[in-house]
Amino acid sequence: MKRWPTIRFVLATVSAILPTAAEDFRITDFAASNGVLRFTATWPSDDPPPGGFLDLYCRTNLSHGGARIVHSEGGAGEPPHSFAVDASAFRDAPAAFFLLGTRADADGDSIPDAWELANGLDPTDPADSVRDDDCDGLANLHEFWHGTDPHASDDADTALAVLARSVDARLAGKAPATALPYFLDYPQTAFATNALAANPGCWAADVDFSCESPWNDEAKNRKSGTLVSPVHMLLANHHNPPEPGTRFWFRAPDGTVYARSIQAKQRIDSTPDTDLVVALLDEPLPPAIEPAKILPENFREHLGSGLGLPAVSLDQEGKILVSEIVDLETGEDAEEELPSLAASRVPLNPTRATFYETLVAGDSSNPKFLLLGEQPVLLSIHWFDNHAGASIRRYADLIDAAMTNLSPNLGYRLETVDLDRFRKLPSTPR
């Protein structure tokens with residue numbers, strides 16, 4: 001099997017090219033006319049290129065990155081393959097740097113090696129995918145998705161940038177030992193006395209997590225519930241969720257504590273099992289307790305898979321933990337009996353990694369969020385120990401149906417956040 005190299009070449013003038021050739025992979029027949037660059041690429045015919053395509057990147061400013069794909073060529077069939085590229089992007093540039101490479105991804109960070117090389121990144125280091133080299137909020141992976149320059153801040157008016165900054169800016173300068181706990185002296189403080197004090201040094205102290213109930217009559221700080229309407233909350237099913245009559249406590253941002261009892265509950269019946277239960281409370285909570293919102297149906301137009309975004313998980317110790325998204329909504333796996341999951345990993349970002357802890361027995365049913373400014377966006381409630389749980393977005397219709405069945409006259413449904421105020425991805429990330 002032949003190795004598929006990456007070819008670099010420079011347009012030195014409008015009529016000259018300085019190619020760097022590799023064995024069995026050559027650039028020939030270069031010509032420039034009428035604003036179009038034409039050349040022929042020859043590569044091995046016995047193996048298709050990794051990813052099935054060759055991508056041509058162009059960078060007109062040789063001092064930094066910003067390479068963008070200007071042409072993609074299918075690798076199937078016999079070479080040579082002819083390329084015709086619009087030269088308008090670099091017509092006034094004294095020189096242009098080109099790179100022709102496959103979609104191979106040696107470090108598995110979802111950025112093709114060719115793009116990493118063209119933009120000065122290391123194709124053997126997956127951690128550079130979550131770096132924000134130009135400090136505009138967009139990680140390098142997300143710069144690749146948006147087709148923007150990872151070395152030049154572009155005031156990224158994107159949901160990806162806002163979601164990353166909403167966590168990373170809050171973590172800056174904080175020490176995990178003192179900044180992870182959301183409460184002081186939790187869980188010994190008595191909820192019924194309104195004495196539960198917030199930790200002002202928590203890295204997310206200014207975020208309203210009142211939708212999460214950190215205490216209940218049956219399991220104390222375990223078996224958490226997450227409010228999704230003034231009278232409905234979500235629970236995990238696998239640990240025998242509390243029965244009707246059990247009181248759950250909610251704490252408003254001003255410190256006021258409210259107790260409500262489960263009146264009825266309904267399991268989300270789906271194959272594979274979602275592990276979700278909707279509970280109806282005996283009376284609505286006041287506006288001071290804000291129900292969680294979820295992602296809109298078109299979230300992939302803004303977030304793609306969400307890979308590399310920071311996520312926020314609550315646990316039984318009242319800590320606000322940080323993980324990194326692997327996928328906001330995986331496919332269902334009937335063979336493994338797995339539902340569609342919102343899955344996370346240990347962060348590659350070194351600062352986020354210091355705020356990560358593995359979930360343990362008893363953390364089940366706690367929620368996981370994205371942070372959009374000060375708005376928690378509910379992704380899942382914990383099921384697995386890798387910060388994964390059934391995607392609330394994927395099962396929103398089933399949850400809405402259960403809410404309606406439990407309270408047919410109230411008309412509550414899951415509410416979504418607005419992402420359409422942000423610039424969309426130019427296409428679905430590959």
# chains A, B, ... in the order shown; residues from 1 in each chain; ligands from 1
>>> residues_around(residues="Leu379 in chain A", least_positions_apart="5", cutoff="9 Å", atoms="only C-alpha atoms", output="number ranges by chain")
A: 294-295, 311, 328-329, 342, 367-370, 389-393
>>> residues_around(residues="range 266-280 of chain A", least_positions_apart="5", cutoff="9 Å", atoms="only C-alpha atoms", output="tab-separated table (two decimals) with C-alpha atoms, in the first residue's frame")
chain	number	residue	atom	x	y	z
A	225	GLY	CA	-34.50	15.94	39.49
A	231	VAL	CA	-44.58	21.43	37.24
A	232	HIS	CA	-42.54	18.76	35.40
A	233	MET	CA	-39.10	17.37	36.10
A	234	LEU	CA	-36.92	14.66	34.59
A	235	LEU	CA	-35.47	11.73	36.52
A	236	ALA	CA	-33.36	8.69	35.64
A	237	ASN	CA	-35.23	5.39	35.67
A	238	HIS	CA	-32.47	2.85	36.36
A	241	PRO	CA	-36.86	7.01	41.00
A	244	PRO	CA	-45.37	9.95	44.45
A	261	SER	CA	-43.96	16.69	45.98
A	332	GLU	CA	-29.32	4.78	18.51
A	333	ASP	CA	-27.60	1.40	18.73
A	334	ALA	CA	-30.19	-1.37	18.88
A	336	GLU	CA	-25.90	-2.56	22.03
A	337	GLU	CA	-29.32	-1.50	23.35
A	338	LEU	CA	-28.12	2.11	23.60
A	339	PRO	CA	-30.37	5.12	23.01
A	340	SER	CA	-29.24	8.32	21.31
A	341	LEU	CA	-26.75	9.81	23.77
A	365	SER	CA	-30.02	11.55	37.34
A	381	ILE	CA	-29.33	13.52	32.71
A	383	TRP	CA	-26.70	7.53	33.03
A	389	GLY	CA	-27.06	10.17	29.07
A	390	ALA	CA	-29.99	10.02	26.69
A	391	SER	CA	-30.19	13.08	24.44
A	395	TYR	CA	-36.49	12.38	22.76
A	398	LEU	CA	-41.72	11.66	23.74
A	399	ILE	CA	-41.08	13.90	26.74
A	402	ALA	CA	-45.57	12.41	28.64
A	403	MET	CA	-45.94	15.94	30.00
A	405	ASN	CA	-50.45	12.89	29.40
A	406	LEU	CA	-49.61	13.75	33.02
A	407	SER	CA	-51.26	17.20	32.87
>>> closest_residue(among="A:Asn298, A:Arg394, A:Leu410, A:Gln316", to="Gly331 in chain A", atoms="only C-alpha atoms")
A:Arg394
>>> residues_around(residues="Asp133 in chain A", least_positions_apart="5", cutoff="9 Å", atoms="only C-alpha atoms", output="PyMOL selection string")
chain A and resi 128+138-140+150-153
>>> write_last_selection(atoms="C-alpha atoms", output="compact mmCIF listing (two decimals), in the first residue's frame")
# COMPACT_ATOMS: atom_id res chain seq x y z
CA ASP A 128 -4.54 21.51 19.34
CA LEU A 138 -13.58 29.48 18.25
CA ALA A 139 -11.41 26.44 18.89
CA ASN A 140 -9.22 25.37 15.97
CA PRO A 150 -7.37 30.15 13.30
CA HIS A 151 -4.65 32.81 13.66
CA ALA A 152 -6.77 35.95 13.19
CA SER A 153 -9.61 36.93 15.50
>>> select_by_dssp(residues="range 187-219 of chain A", states="strand (DSSP E or B)", output="list in words")
Ala197, Ala198, Glu212, Ser213, Trp215 and Asn216 of chain A
>>> closest_residue(among="A:Pro200, A:Gly35, A:Gly108, A:Pro176", to="Ile320 in chain A", atoms="only C-alpha atoms")
A:Pro176
>>> select_by_dssp(residues="range 49-251 of chain A", states="alpha helix (DSSP H)", output="MDAnalysis selection string")
chainID A and resid 113:118 140:146 159:171 176:179
>>> residues_around(residues="Gly362 in chain A", least_positions_apart="5", cutoff="10 Å", atoms="only C-alpha atoms", output="MDAnalysis selection string")
chainID A and resid 219 221:224 239 315:317 382
